[in-house]
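Containing compact mmCIF, C-alpha atoms: final.txt.
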```txt
# COMPACT_ATOMS: atom_id res chain seq x y z
CA MET A 846 35.47 -105.19 -37.39
CA THR A 847 38.75 -106.88 -38.23
CA ARG A 848 37.39 -110.28 -37.42
CA ALA A 849 34.43 -109.85 -39.67
CA LYS A 850 36.63 -108.53 -42.46
CA GLY A 851 38.97 -111.47 -42.11
CA ALA A 852 36.08 -113.87 -42.26
CA PHE A 853 34.67 -112.09 -45.27
CA LEU A 854 37.91 -112.40 -47.18
CA ARG A 855 38.27 -116.01 -46.21
CA ALA A 856 34.85 -116.72 -47.63
CA TRP A 857 35.96 -115.44 -50.99
CA ARG A 858 39.14 -117.48 -51.07
CA PRO A 859 37.69 -120.31 -53.16
CA VAL A 860 36.47 -117.82 -55.72
CA MET A 861 39.84 -116.15 -55.96
CA LEU A 862 41.40 -119.57 -56.29
CA MET A 863 38.97 -120.33 -59.07
CA LEU A 864 39.92 -117.12 -60.85
CA LEU A 865 43.57 -118.07 -60.59
CA VAL A 866 42.80 -121.47 -62.03
CA TYR A 867 40.99 -119.90 -64.93
CA GLY A 868 43.83 -117.51 -65.46
CA GLY A 869 46.32 -120.33 -65.46
CA LEU A 870 44.10 -122.31 -67.75
CA TYR A 871 43.93 -119.45 -70.17
CA TRP A 872 47.68 -119.28 -70.27
CA TRP A 873 48.01 -123.02 -70.78
CA ARG A 874 45.09 -123.78 -73.07
CA PRO A 875 43.22 -120.63 -74.05
CA ALA A 876 40.53 -122.40 -76.03
CA LEU A 877 39.69 -124.58 -73.08
CA ALA A 878 39.55 -121.60 -70.78
CA VAL A 879 37.15 -119.84 -73.07
CA THR A 880 34.87 -122.85 -73.32
CA ALA A 881 34.97 -123.27 -69.59
CA ALA A 882 34.16 -119.63 -68.99
CA HIS A 883 31.31 -119.92 -71.43
CA SER A 884 29.78 -122.91 -69.68
CA ALA A 885 30.39 -121.36 -66.30
CA SER A 886 28.55 -118.21 -67.21
CA ALA A 887 25.65 -120.17 -68.61
CA HIS A 888 25.39 -122.15 -65.42
CA LEU A 889 25.85 -119.01 -63.39
CA GLY A 890 22.85 -117.57 -65.15
CA GLU A 891 20.86 -120.60 -64.16
CA VAL A 892 21.90 -120.27 -60.55
CA LEU A 893 21.41 -116.52 -60.34
CA ALA A 894 17.98 -116.87 -61.79
CA VAL A 895 16.91 -119.06 -58.93
CA LEU A 896 19.00 -117.86 -56.02
CA PRO A 897 17.25 -114.58 -55.14
CA GLY A 898 13.87 -116.25 -55.18
CA ILE A 899 15.08 -119.02 -52.96
CA ALA A 900 16.83 -116.62 -50.61
CA LEU A 901 13.68 -114.58 -50.29
CA LEU A 902 11.61 -117.67 -49.72
CA MET A 903 14.03 -118.79 -47.07
CA GLY A 904 13.86 -115.38 -45.45
CA LEU A 905 10.10 -115.59 -45.33
CA PHE A 906 10.24 -119.12 -43.96
CA GLU A 907 12.72 -118.17 -41.33
CA VAL A 908 10.61 -115.32 -40.10
CA TRP A 909 7.13 -116.72 -40.47
CA LEU A 910 7.31 -120.46 -40.25
CA PRO A 911 7.17 -121.59 -36.68
CA ALA A 912 9.49 -124.36 -35.69
CA ALA A 913 6.56 -126.25 -34.26
CA VAL A 914 4.89 -126.51 -37.65
CA VAL A 915 8.03 -127.77 -39.33
CA GLN A 916 8.67 -130.22 -36.57
CA HIS A 917 5.16 -131.51 -36.72
CA HIS A 918 5.12 -132.03 -40.46
CA LEU A 919 8.73 -132.86 -41.20
CA GLY A 920 10.17 -133.92 -37.91
CA SER A 921 11.16 -137.38 -36.88
CA ARG A 922 7.63 -138.29 -35.90
CA SER A 923 5.95 -137.12 -39.03
CA GLY A 924 5.91 -140.59 -40.50
CA LEU A 925 4.43 -141.21 -43.91
CA GLY A 926 3.05 -137.70 -44.17
CA GLY A 927 6.51 -136.31 -43.64
CA ILE A 928 7.97 -138.58 -46.27
CA LEU A 929 5.38 -137.61 -48.83
CA LEU A 930 5.69 -133.96 -48.00
CA ALA A 931 9.45 -134.09 -48.32
CA LEU A 932 9.15 -135.84 -51.66
CA PHE A 933 6.64 -133.34 -52.89
CA LEU A 934 8.54 -130.30 -51.71
CA GLY A 935 11.63 -131.40 -53.52
CA THR A 936 9.99 -131.69 -56.88
CA ALA A 937 8.77 -128.14 -57.24
CA PRO A 938 11.89 -125.99 -57.26
CA THR A 939 14.42 -125.90 -60.02
CA GLY A 940 18.10 -125.35 -59.86
CA PRO A 941 21.08 -127.50 -59.09
CA LEU A 942 21.19 -129.54 -55.94
CA TYR A 943 23.67 -127.42 -54.10
CA VAL A 944 21.22 -124.54 -54.03
CA ALA A 945 19.01 -126.80 -51.96
CA PHE A 946 21.57 -127.28 -49.23
CA PRO A 947 20.87 -123.99 -47.48
CA VAL A 948 17.15 -124.57 -47.76
CA ALA A 949 17.57 -127.95 -46.15
CA ALA A 950 19.75 -126.40 -43.49
CA GLY A 951 17.06 -123.86 -42.72
CA LEU A 952 14.49 -126.61 -42.43
CA ARG A 953 16.74 -128.61 -40.20
CA ARG A 954 17.19 -125.64 -37.92
CA LYS A 955 13.44 -125.58 -37.53
CA GLY A 956 13.25 -129.21 -36.67
CA ALA A 957 12.95 -131.27 -39.82
CA SER A 958 14.43 -134.71 -39.41
CA PRO A 959 17.53 -135.80 -41.32
CA ALA A 960 15.53 -138.63 -42.82
CA ASN A 961 13.04 -136.30 -44.43
CA LEU A 962 15.79 -133.96 -45.50
CA VAL A 963 17.55 -136.75 -47.32
CA ILE A 964 14.31 -137.41 -49.14
CA PHE A 965 13.81 -133.74 -49.85
CA LEU A 966 17.29 -133.34 -51.29
CA GLY A 967 17.09 -136.52 -53.28
CA SER A 968 13.78 -135.45 -54.68
CA TRP A 969 15.11 -132.02 -55.57
CA ALA A 970 18.06 -133.66 -57.26
CA ALA A 971 16.51 -136.42 -59.24
CA ILE A 972 12.77 -135.93 -59.48
CA LYS A 973 11.84 -132.66 -61.01
CA VAL A 974 8.92 -132.55 -63.34
CA PRO A 975 10.34 -130.29 -66.06
CA GLN A 976 13.60 -132.16 -65.82
CA VAL A 977 11.88 -135.47 -66.31
CA MET A 978 10.25 -134.27 -69.47
CA MET A 979 13.59 -133.23 -70.84
CA GLU A 980 15.08 -136.52 -69.80
CA ALA A 981 12.34 -138.40 -71.63
CA ARG A 982 13.23 -136.54 -74.77
CA PHE A 983 16.78 -137.78 -74.70
CA VAL A 984 16.64 -141.24 -73.23
CA GLY A 985 13.10 -142.23 -73.95
CA PRO A 986 9.94 -141.99 -71.84
CA ARG A 987 10.10 -145.58 -70.65
CA PHE A 988 13.58 -145.15 -69.22
CA ALA A 989 12.79 -141.79 -67.69
CA LEU A 990 9.60 -142.90 -66.00
CA LEU A 991 11.13 -146.08 -64.74
CA ARG A 992 14.05 -144.24 -63.26
CA LEU A 993 11.66 -141.76 -61.72
CA GLY A 994 9.58 -144.48 -60.14
CA LEU A 995 12.53 -146.42 -58.82
CA THR A 996 14.12 -143.29 -57.42
CA ALA A 997 10.89 -142.31 -55.74
CA LEU A 998 10.81 -145.73 -54.13
CA ALA A 999 14.45 -145.62 -53.17
CA LEU A 1000 14.27 -142.25 -51.48
CA PRO A 1001 12.10 -143.23 -48.51
CA VAL A 1002 14.40 -146.18 -47.92
CA MET A 1003 17.36 -143.86 -48.02
CA GLY A 1004 15.57 -141.55 -45.66
CA TRP A 1005 14.84 -144.34 -43.25
CA LEU A 1006 18.46 -145.45 -43.24
CA ALA A 1007 19.62 -141.89 -42.84
CA GLY A 1008 17.29 -141.53 -39.91
CA LEU A 1009 19.10 -144.41 -38.28
CA LEU A 1010 22.55 -143.16 -39.04
CA VAL A 1011 22.28 -139.45 -38.42
CA PRO A 1012 21.18 -138.30 -35.00
CA THR A 1013 18.40 -135.79 -34.81
CA SER A 1014 19.75 -133.29 -32.40
CA GLY A 1015 17.87 -130.58 -30.59
CA GLY A 1016 17.76 -128.33 -33.61
CA GLU A 1017 20.06 -125.41 -33.12
CA GLU A 1018 23.22 -127.22 -32.23
CA VAL A 1019 23.21 -128.92 -35.59
CA ILE A 1020 24.96 -126.20 -37.46
CA GLY A 1021 28.16 -124.75 -36.26
CA CYS A 1022 30.19 -127.49 -34.67
CA GLU A 1023 30.50 -129.90 -37.53
CA GLY A 1024 31.86 -129.35 -40.97
CA ASP A 1025 35.15 -128.13 -42.28
CA GLY A 1026 36.50 -124.77 -41.29
CA GLY A 1027 37.41 -123.50 -44.70
CA GLY A 1028 35.88 -120.21 -45.57
CA ARG A 1029 33.21 -119.90 -42.94
CA SER A 1030 32.14 -116.32 -43.07
CA GLY A 1031 30.96 -114.32 -40.11
CA GLY A 1032 27.37 -114.65 -41.10
CA LYS A 1033 27.46 -118.39 -40.87
CA GLY A 1034 25.83 -118.75 -37.49
CA VAL A 1035 22.62 -117.19 -38.66
CA HIS A 1036 20.55 -117.52 -35.59
CA PRO A 1037 17.14 -115.87 -35.41
CA ARG A 1038 17.88 -114.51 -32.01
CA ARG A 1039 21.11 -112.81 -32.86
CA GLU A 1040 19.31 -110.78 -35.41
CA GLY A 1041 21.01 -107.43 -35.15
CA GLU A 1042 24.50 -108.78 -35.38
CA GLU A 1043 25.51 -107.82 -38.87
CA GLY A 1044 29.22 -107.61 -38.35
CA ALA A 1045 29.40 -110.69 -36.14
CA LEU A 1046 30.37 -108.53 -33.22
CA PRO A 1047 28.39 -109.53 -30.14
CA LEU A 1048 28.44 -106.00 -28.83
CA ARG A 1049 24.71 -105.76 -28.32
CA MET B 798 11.40 -121.45 -61.61
CA ILE B 799 7.95 -120.11 -62.16
CA VAL B 800 6.82 -122.07 -59.18
CA ILE B 801 9.42 -120.56 -56.96
CA TYR B 802 8.76 -117.01 -57.98
CA THR B 803 5.02 -117.40 -57.78
CA MET B 804 5.29 -118.78 -54.30
CA THR B 805 7.78 -116.14 -53.32
CA GLY B 806 5.67 -113.38 -54.77
CA LEU B 807 2.55 -114.55 -53.01
CA GLY B 808 4.40 -115.06 -49.79
CA LEU B 809 5.92 -111.63 -49.98
CA ALA B 810 2.59 -110.00 -50.66
CA CYS B 811 0.92 -111.74 -47.75
CA SER B 812 3.83 -110.98 -45.51
CA LEU B 813 3.77 -107.32 -46.36
CA ALA B 814 0.08 -107.16 -45.70
CA ARG B 815 0.31 -108.90 -42.37
CA ASP B 816 3.41 -107.34 -40.91
CA PRO B 817 5.73 -104.99 -42.75
CA ASP B 818 8.35 -105.10 -40.02
CA ARG B 819 8.65 -108.82 -40.11
CA THR B 820 8.78 -108.61 -43.85
CA ALA B 821 11.73 -106.27 -43.62
CA GLN B 822 13.33 -108.72 -41.27
CA ALA B 823 12.73 -111.52 -43.73
CA MET B 824 14.30 -109.53 -46.51
CA ARG B 825 17.33 -108.71 -44.40
CA TRP B 826 17.69 -112.38 -43.66
CA ALA B 827 17.38 -113.19 -47.33
CA GLY B 828 20.05 -110.64 -48.12
CA ARG B 829 22.36 -112.17 -45.57
CA ILE B 830 21.76 -115.60 -46.99
CA LEU B 831 22.58 -114.35 -50.47
CA VAL B 832 25.81 -112.80 -49.32
CA ARG B 833 26.75 -115.88 -47.39
CA LEU B 834 26.02 -118.20 -50.27
CA LEU B 835 27.44 -116.23 -53.14
CA PRO B 836 31.13 -117.16 -52.71
CA PRO B 837 30.73 -120.95 -52.56
CA MET B 838 28.19 -120.89 -55.35
CA LEU B 839 30.51 -118.91 -57.57
CA ALA B 840 33.32 -121.31 -56.83
CA VAL B 841 31.14 -124.28 -57.71
CA VAL B 842 29.91 -122.63 -60.88
CA GLY B 843 33.51 -121.99 -61.89
CA LEU B 844 34.23 -125.63 -61.32
CA VAL B 845 31.26 -126.63 -63.42
CA GLY B 846 32.60 -124.59 -66.29
CA ILE B 847 35.94 -126.31 -66.13
CA ILE B 848 34.39 -129.74 -65.96
CA VAL B 849 32.08 -129.14 -68.87
CA GLY B 850 34.89 -127.61 -70.86
CA ALA B 851 37.37 -130.32 -70.08
CA LEU B 852 35.09 -133.25 -70.62
CA PRO B 853 33.12 -132.70 -73.76
CA PRO B 854 30.21 -135.05 -74.30
CA ALA B 855 32.02 -136.93 -77.03
CA ILE B 856 34.76 -138.09 -74.71
CA VAL B 857 32.43 -138.98 -71.89
CA SER B 858 30.09 -140.98 -74.06
CA ARG B 859 32.91 -142.90 -75.65
CA TYR B 860 34.45 -143.53 -72.26
CA LEU B 861 31.25 -144.76 -70.69
CA GLY B 862 29.94 -146.55 -73.70
CA ALA B 863 33.02 -148.70 -73.92
CA GLU B 864 32.51 -150.61 -70.72
CA ALA B 865 29.51 -152.71 -70.17
CA GLY B 866 27.98 -154.72 -67.42
CA LEU B 867 28.84 -154.34 -63.77
CA ALA B 868 32.19 -152.71 -64.33
CA GLY B 869 30.60 -150.17 -66.60
CA THR B 870 27.91 -149.45 -64.08
CA MET B 871 30.40 -148.85 -61.31
CA LEU B 872 32.46 -146.67 -63.57
CA ALA B 873 29.42 -144.67 -64.54
CA ALA B 874 28.34 -144.29 -60.95
CA THR B 875 31.76 -143.06 -59.89
CA THR B 876 32.00 -140.67 -62.80
CA GLY B 877 28.58 -139.28 -62.06
CA ALA B 878 29.47 -138.79 -58.45
CA ILE B 879 32.49 -136.72 -59.26
CA MET B 880 31.12 -134.80 -62.16
CA LEU B 881 29.07 -131.77 -61.68
CA ILE B 882 27.18 -130.60 -64.70
CA PRO B 883 23.96 -128.74 -65.07
CA SER B 884 20.95 -130.82 -65.96
CA LEU B 885 20.61 -128.91 -69.20
CA VAL B 886 23.83 -130.53 -70.30
CA ALA B 887 23.42 -133.76 -68.41
CA PHE B 888 20.50 -135.19 -70.31
CA PRO B 889 21.78 -134.62 -73.82
CA LEU B 890 24.96 -136.18 -72.54
CA ALA B 891 23.05 -139.18 -71.27
CA GLY B 892 21.36 -139.41 -74.62
CA SER B 893 24.63 -139.47 -76.48
CA VAL B 894 26.05 -142.03 -74.07
CA LEU B 895 23.03 -144.15 -74.85
CA GLN B 896 23.70 -143.79 -78.51
CA ALA B 897 27.33 -144.69 -78.03
CA GLY B 898 26.08 -148.06 -77.03
CA ALA B 899 26.13 -147.91 -73.27
CA GLY B 900 23.80 -150.18 -71.47
CA VAL B 901 20.72 -149.18 -69.54
CA MET B 902 22.43 -149.86 -66.23
CA THR B 903 25.35 -147.62 -67.04
CA ILE B 904 23.20 -144.67 -67.89
CA ALA B 905 20.85 -145.11 -64.98
CA ALA B 906 23.78 -145.22 -62.59
CA PHE B 907 25.33 -142.23 -64.27
CA ILE B 908 22.25 -140.04 -64.16
CA THR B 909 21.39 -140.97 -60.61
CA THR B 910 24.80 -140.29 -59.15
CA LEU B 911 25.23 -137.24 -61.32
CA THR B 912 22.19 -135.63 -59.83
CA MET B 913 22.18 -137.00 -56.32
CA VAL B 914 25.80 -137.48 -55.35
CA GLY B 915 28.16 -134.58 -55.23
CA VAL B 916 31.75 -135.11 -54.28
CA VAL B 917 32.58 -131.63 -55.48
CA THR B 918 29.73 -130.00 -53.60
CA ALA B 919 30.37 -132.01 -50.47
CA PRO B 920 32.25 -129.22 -48.69
CA LEU B 921 29.34 -126.88 -49.19
CA GLU B 922 26.90 -129.54 -48.09
CA ALA B 923 28.96 -130.31 -45.02
CA ARG B 924 29.03 -126.65 -44.11
CA GLU B 925 25.28 -126.36 -44.31
CA LEU B 926 24.18 -129.69 -43.00
CA GLY B 927 27.07 -131.24 -41.15
CA VAL B 928 29.76 -133.69 -42.12
CA ARG B 929 27.94 -136.77 -40.94
CA PHE B 930 24.78 -135.94 -42.83
CA THR B 931 26.77 -135.24 -45.98
CA VAL B 932 28.70 -138.48 -45.86
CA VAL B 933 25.64 -140.54 -45.04
CA ARG B 934 23.47 -138.98 -47.71
CA ASN B 935 26.05 -139.24 -50.45
CA LEU B 936 26.91 -142.82 -49.63
CA LEU B 937 23.25 -143.77 -49.50
CA ALA B 938 22.66 -142.03 -52.80
CA PHE B 939 25.55 -143.89 -54.36
CA GLY B 940 24.20 -147.17 -53.09
CA ALA B 941 20.72 -146.28 -54.24
CA ALA B 942 22.11 -145.45 -57.67
CA LEU B 943 23.59 -148.92 -57.96
CA VAL B 944 20.40 -150.56 -56.81
CA ILE B 945 18.31 -148.50 -59.18
CA ALA B 946 20.69 -149.20 -62.03
CA LEU B 947 20.64 -152.93 -61.39
CA SER B 948 16.87 -152.96 -61.12
CA MET B 949 16.52 -151.08 -64.35
CA GLY B 950 18.90 -153.45 -66.02
CA VAL B 951 16.78 -156.36 -64.92
CA ILE B 952 13.46 -154.77 -65.74
CA LEU B 953 14.37 -153.42 -69.12
CA SER B 954 16.16 -156.41 -70.58
```

The structure given in the file should be rewritten as structure tokens.
Amino acid sequence: MTRAKGAFLRAWRPVMLMLLVYGGLYWWRPALAVTAAHSASAHLGEVLAVLPGIALLMGLFEVWLPAAVVQHHLGSRSGLGGILLALFLGTAPTGPLYVAFPVAAGLRRKGASPANLVIFLGSWAAIKVPQVMMEARFVGPRFALLRLGLTALALPVMGWLAGLLVPTSGGEEVIGCEGDGGGRSGGKGVHPRREGEEGALPLR
Amino acid sequence: MIVIYTMTGLGLACSLARDPDRTAQAMRWAGRILVRLLPPMLAVVGLVGIIVGALPPAIVSRYLGAEAGLAGTMLAATTGAIMLIPSLVAFPLAGSVLQAGAGVMTIAAFITTLTMVGVVTAPLEARELGVRFTVVRNLLAFGAALVIALSMGVILS
């Protein structure tokens, strides 16, 4: 239990750090701190509005979507269909890009290729239909559409290059060994098979 | 957002109908994901607040509008890569940068890196998808932003 608790606290370190920063900011420049808190809460609202839905969707995917299907449609051999699917999938959801990272990770665990994931993430980031409409309002439709088109063209190229530069490993090994240590909580290695292991204790 | 919740709702309904146990499993998984993701997301959101507060649109648009040409484009791309602002704020910002006189290339680079490159979110990305993937994707996105910006500069002038 201690190990899990330690991991849990470590996960919250960045947040506590952030609170300290805000506190310090308030002491130094109160007006700034207030503005920052204001913007942060607005953005938080945006994120919280989307996060449960995405988490639930990911839960459903994880449980129902067979790896074979993902591999077939989004794996390294999926070709043009995979590219288009990745592009399309990225456009539907809303929310900032970093919410997409776990979704992409889940897909990768099931066998999606890095190339298609790059496309998916890029699409999520830069090509979202409601976002484009808003963009057109501020920078003009011609600019917005042109950027959209060019980005849509650039993404497959990016994907292709990513496919060359990032190895597609067997699937599960992907997550866990790479990445920085900082703040990895006990639930990080969410593996379908180790389902019952809430407290990260391999006692079963 | 509607799309997500519609899909989720439908999926949940079907899942419940087909297999309640698996559905419970899915929901437990979802709960775990939420718990796992909440801390880094909160930290990022906090950061967003500070960035938006510290760099009001006026300053950014003056800063970016001043430079033009290739230097301006690079500057915009770098700024966009580092900054992390919600799209709700990003586009009005882009609009005001445009009005401040920035060129097409500058804004295109800015928007593209702003959305696609995330230096601040890189740790989170690396944790989810691996360091190599993160570095590769962000670098490619940066490069793509420059290419897109240059193309737009050529096409629109």

Within 7 Å of region 828-845 of chain B, which residues of region 860-954 of chain A show up? Give each one with its shortest atom-to-atom distance in Å (one decimal) and the two atoms involved, counting all atoms listed in the file, rows by chain then rising residue number, as CSV.
```
residue,atom,partner,partner_atom,distance
A:Val860,CA,B:Ala840,CA,4.8
A:Met863,CA,B:Ala840,CA,6.2
A:Ala885,CA,B:Gly843,CA,5.4
A:His888,CA,B:Val842,CA,6.4
A:Leu889,CA,B:Val842,CA,6.0
A:Ala900,CA,B:Leu831,CA,6.2
```

(message) Ranking B:Leu881, B:Cys811, B:Ile799, B:Ala821 by minimum distance to Ser884 (chain A) and counting all atoms listed in the file, which one comes first?
(response) B:Leu881

(request) Just need the residues of chain A within 7 Å of chain B, counting all atoms listed in the file, so spit them out as a VMD selection string. (result) chain A and resid 856 to 857 859 to 860 863 877 880 to 882 884 to 885 888 to 889 895 898 900 to 905 908 937 to 939 941 943 946 to 947 950 963 967 970 to 971 980 983 to 984 995 to 996 999 1003 1007 1011 1020 1023 to 1025 1030 1032

(message) Report, in Å with one decimal, the straight-line distance from CA of Gly985 (chain A) to CA of Ala873 (chain B).
(response) 19.0 Å

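Minimum atom-to-atom distances from A:Ala957, A:Ile899, A:Leu893, A:Val977 to Pro911 (chain A) were compared using only C-alpha atoms, and the lowest value belongs to A:Ala957.
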
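Take the candidates A:Ala960, A:Ala852, A:Leu952, A:Leu1009 and check each one against Leu910 (chain A) using only C-alpha atoms; the shortest distance goes to A:Leu952.
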
(message) Using Å and a single decimal, report how far CA of Val974 (chain A) sits from CA of Pro959 (chain A).
(response) 23.9 Å

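For the pair CA of Leu998 (chain A) and CA of Val892 (chain A), the separation is 28.5 Å.
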
Would you mind completing region 971-980 of chain A to all heavy atoms and writing the output as a PDB file, keeping the file's coordinate frame?
```pdb
ATOM      1  N   ALA A 971      16.769-135.452 -58.187  1.00  0.00           N
ATOM      2  CA  ALA A 971      16.510-136.420 -59.240  1.00  0.00           C
ATOM      3  C   ALA A 971      15.070-136.459 -59.752  1.00  0.00           C
ATOM      4  O   ALA A 971      14.821-137.054 -60.784  1.00  0.00           O
ATOM      5  CB  ALA A 971      16.900-137.812 -58.758  1.00  0.00           C
ATOM      6  N   ILE A 972      14.150-135.848 -59.031  1.00  0.00           N
ATOM      7  CA  ILE A 972      12.770-135.930 -59.480  1.00  0.00           C
ATOM      8  C   ILE A 972      12.194-134.545 -59.653  1.00  0.00           C
ATOM      9  O   ILE A 972      11.532-134.037 -58.780  1.00  0.00           O
ATOM     10  CB  ILE A 972      11.879-136.670 -58.475  1.00  0.00           C
ATOM     11  CG1 ILE A 972      12.541-137.947 -58.017  1.00  0.00           C
ATOM     12  CG2 ILE A 972      10.546-136.980 -59.087  1.00  0.00           C
ATOM     13  CD1 ILE A 972      11.676-138.697 -57.033  1.00  0.00           C
ATOM     14  N   LYS A 973      12.460-133.949 -60.776  1.00  0.00           N
ATOM     15  CA  LYS A 973      11.840-132.660 -61.010  1.00  0.00           C
ATOM     16  C   LYS A 973      11.041-132.739 -62.285  1.00  0.00           C
ATOM     17  O   LYS A 973      11.557-133.173 -63.310  1.00  0.00           O
ATOM     18  CB  LYS A 973      12.884-131.562 -61.087  1.00  0.00           C
ATOM     19  CG  LYS A 973      13.513-131.291 -59.739  1.00  0.00           C
ATOM     20  CD  LYS A 973      14.021-129.883 -59.640  1.00  0.00           C
ATOM     21  CE  LYS A 973      15.204-129.657 -60.526  1.00  0.00           C
ATOM     22  NZ  LYS A 973      16.420-130.219 -59.916  1.00  0.00           N
ATOM     23  N   VAL A 974       9.836-132.321 -62.218  1.00  0.00           N
ATOM     24  CA  VAL A 974       8.920-132.550 -63.340  1.00  0.00           C
ATOM     25  C   VAL A 974       9.435-132.017 -64.675  1.00  0.00           C
ATOM     26  O   VAL A 974       9.498-132.755 -65.648  1.00  0.00           O
ATOM     27  CB  VAL A 974       7.528-131.975 -63.005  1.00  0.00           C
ATOM     28  CG1 VAL A 974       6.600-132.160 -64.170  1.00  0.00           C
ATOM     29  CG2 VAL A 974       6.982-132.664 -61.788  1.00  0.00           C
ATOM     30  N   PRO A 975       9.841-130.747 -64.761  1.00  0.00           N
ATOM     31  CA  PRO A 975      10.340-130.290 -66.060  1.00  0.00           C
ATOM     32  C   PRO A 975      11.576-131.053 -66.504  1.00  0.00           C
ATOM     33  O   PRO A 975      11.767-131.344 -67.693  1.00  0.00           O
ATOM     34  CB  PRO A 975      10.663-128.816 -65.822  1.00  0.00           C
ATOM     35  CG  PRO A 975      10.657-128.609 -64.380  1.00  0.00           C
ATOM     36  CD  PRO A 975       9.851-129.676 -63.753  1.00  0.00           C
ATOM     37  N   GLN A 976      12.377-131.424 -65.512  1.00  0.00           N
ATOM     38  CA  GLN A 976      13.600-132.160 -65.820  1.00  0.00           C
ATOM     39  C   GLN A 976      13.274-133.524 -66.404  1.00  0.00           C
ATOM     40  O   GLN A 976      13.923-133.983 -67.339  1.00  0.00           O
ATOM     41  CB  GLN A 976      14.376-132.329 -64.518  1.00  0.00           C
ATOM     42  CG  GLN A 976      15.851-132.471 -64.686  1.00  0.00           C
ATOM     43  CD  GLN A 976      16.492-132.721 -63.352  1.00  0.00           C
ATOM     44  OE1 GLN A 976      16.173-133.677 -62.667  1.00  0.00           O
ATOM     45  NE2 GLN A 976      17.402-131.872 -62.970  1.00  0.00           N
ATOM     46  N   VAL A 977      12.261-134.148 -65.843  1.00  0.00           N
ATOM     47  CA  VAL A 977      11.880-135.470 -66.310  1.00  0.00           C
ATOM     48  C   VAL A 977      11.427-135.430 -67.760  1.00  0.00           C
ATOM     49  O   VAL A 977      11.737-136.308 -68.560  1.00  0.00           O
ATOM     50  CB  VAL A 977      10.772-136.075 -65.426  1.00  0.00           C
ATOM     51  CG1 VAL A 977      10.175-137.301 -66.078  1.00  0.00           C
ATOM     52  CG2 VAL A 977      11.340-136.430 -64.079  1.00  0.00           C
ATOM     53  N   MET A 978      10.709-134.367 -68.087  1.00  0.00           N
ATOM     54  CA  MET A 978      10.250-134.270 -69.470  1.00  0.00           C
ATOM     55  C   MET A 978      11.429-134.156 -70.420  1.00  0.00           C
ATOM     56  O   MET A 978      11.458-134.761 -71.501  1.00  0.00           O
ATOM     57  CB  MET A 978       9.310-133.072 -69.613  1.00  0.00           C
ATOM     58  CG  MET A 978       8.028-133.270 -68.846  1.00  0.00           C
ATOM     59  SD  MET A 978       6.696-132.201 -69.371  1.00  0.00           S
ATOM     60  CE  MET A 978       7.276-130.630 -68.772  1.00  0.00           C
ATOM     61  N   MET A 979      12.412-133.374 -69.992  1.00  0.00           N
ATOM     62  CA  MET A 979      13.590-133.230 -70.840  1.00  0.00           C
ATOM     63  C   MET A 979      14.341-134.559 -70.935  1.00  0.00           C
ATOM     64  O   MET A 979      14.840-134.936 -71.998  1.00  0.00           O
ATOM     65  CB  MET A 979      14.496-132.142 -70.277  1.00  0.00           C
ATOM     66  CG  MET A 979      15.682-131.868 -71.172  1.00  0.00           C
ATOM     67  SD  MET A 979      16.658-130.467 -70.670  1.00  0.00           S
ATOM     68  CE  MET A 979      17.055-130.872 -69.004  1.00  0.00           C
ATOM     69  N   GLU A 980      14.394-135.237 -69.818  1.00  0.00           N
ATOM     70  CA  GLU A 980      15.080-136.520 -69.800  1.00  0.00           C
ATOM     71  C   GLU A 980      14.416-137.479 -70.770  1.00  0.00           C
ATOM     72  O   GLU A 980      15.073-138.160 -71.541  1.00  0.00           O
ATOM     73  CB  GLU A 980      15.039-137.104 -68.381  1.00  0.00           C
ATOM     74  CG  GLU A 980      15.769-138.413 -68.261  1.00  0.00           C
ATOM     75  CD  GLU A 980      15.676-138.962 -66.858  1.00  0.00           C
ATOM     76  OE1 GLU A 980      15.183-138.242 -65.972  1.00  0.00           O
ATOM     77  OE2 GLU A 980      16.106-140.107 -66.639  1.00  0.00           O
TER      78      GLU A 980
END
```
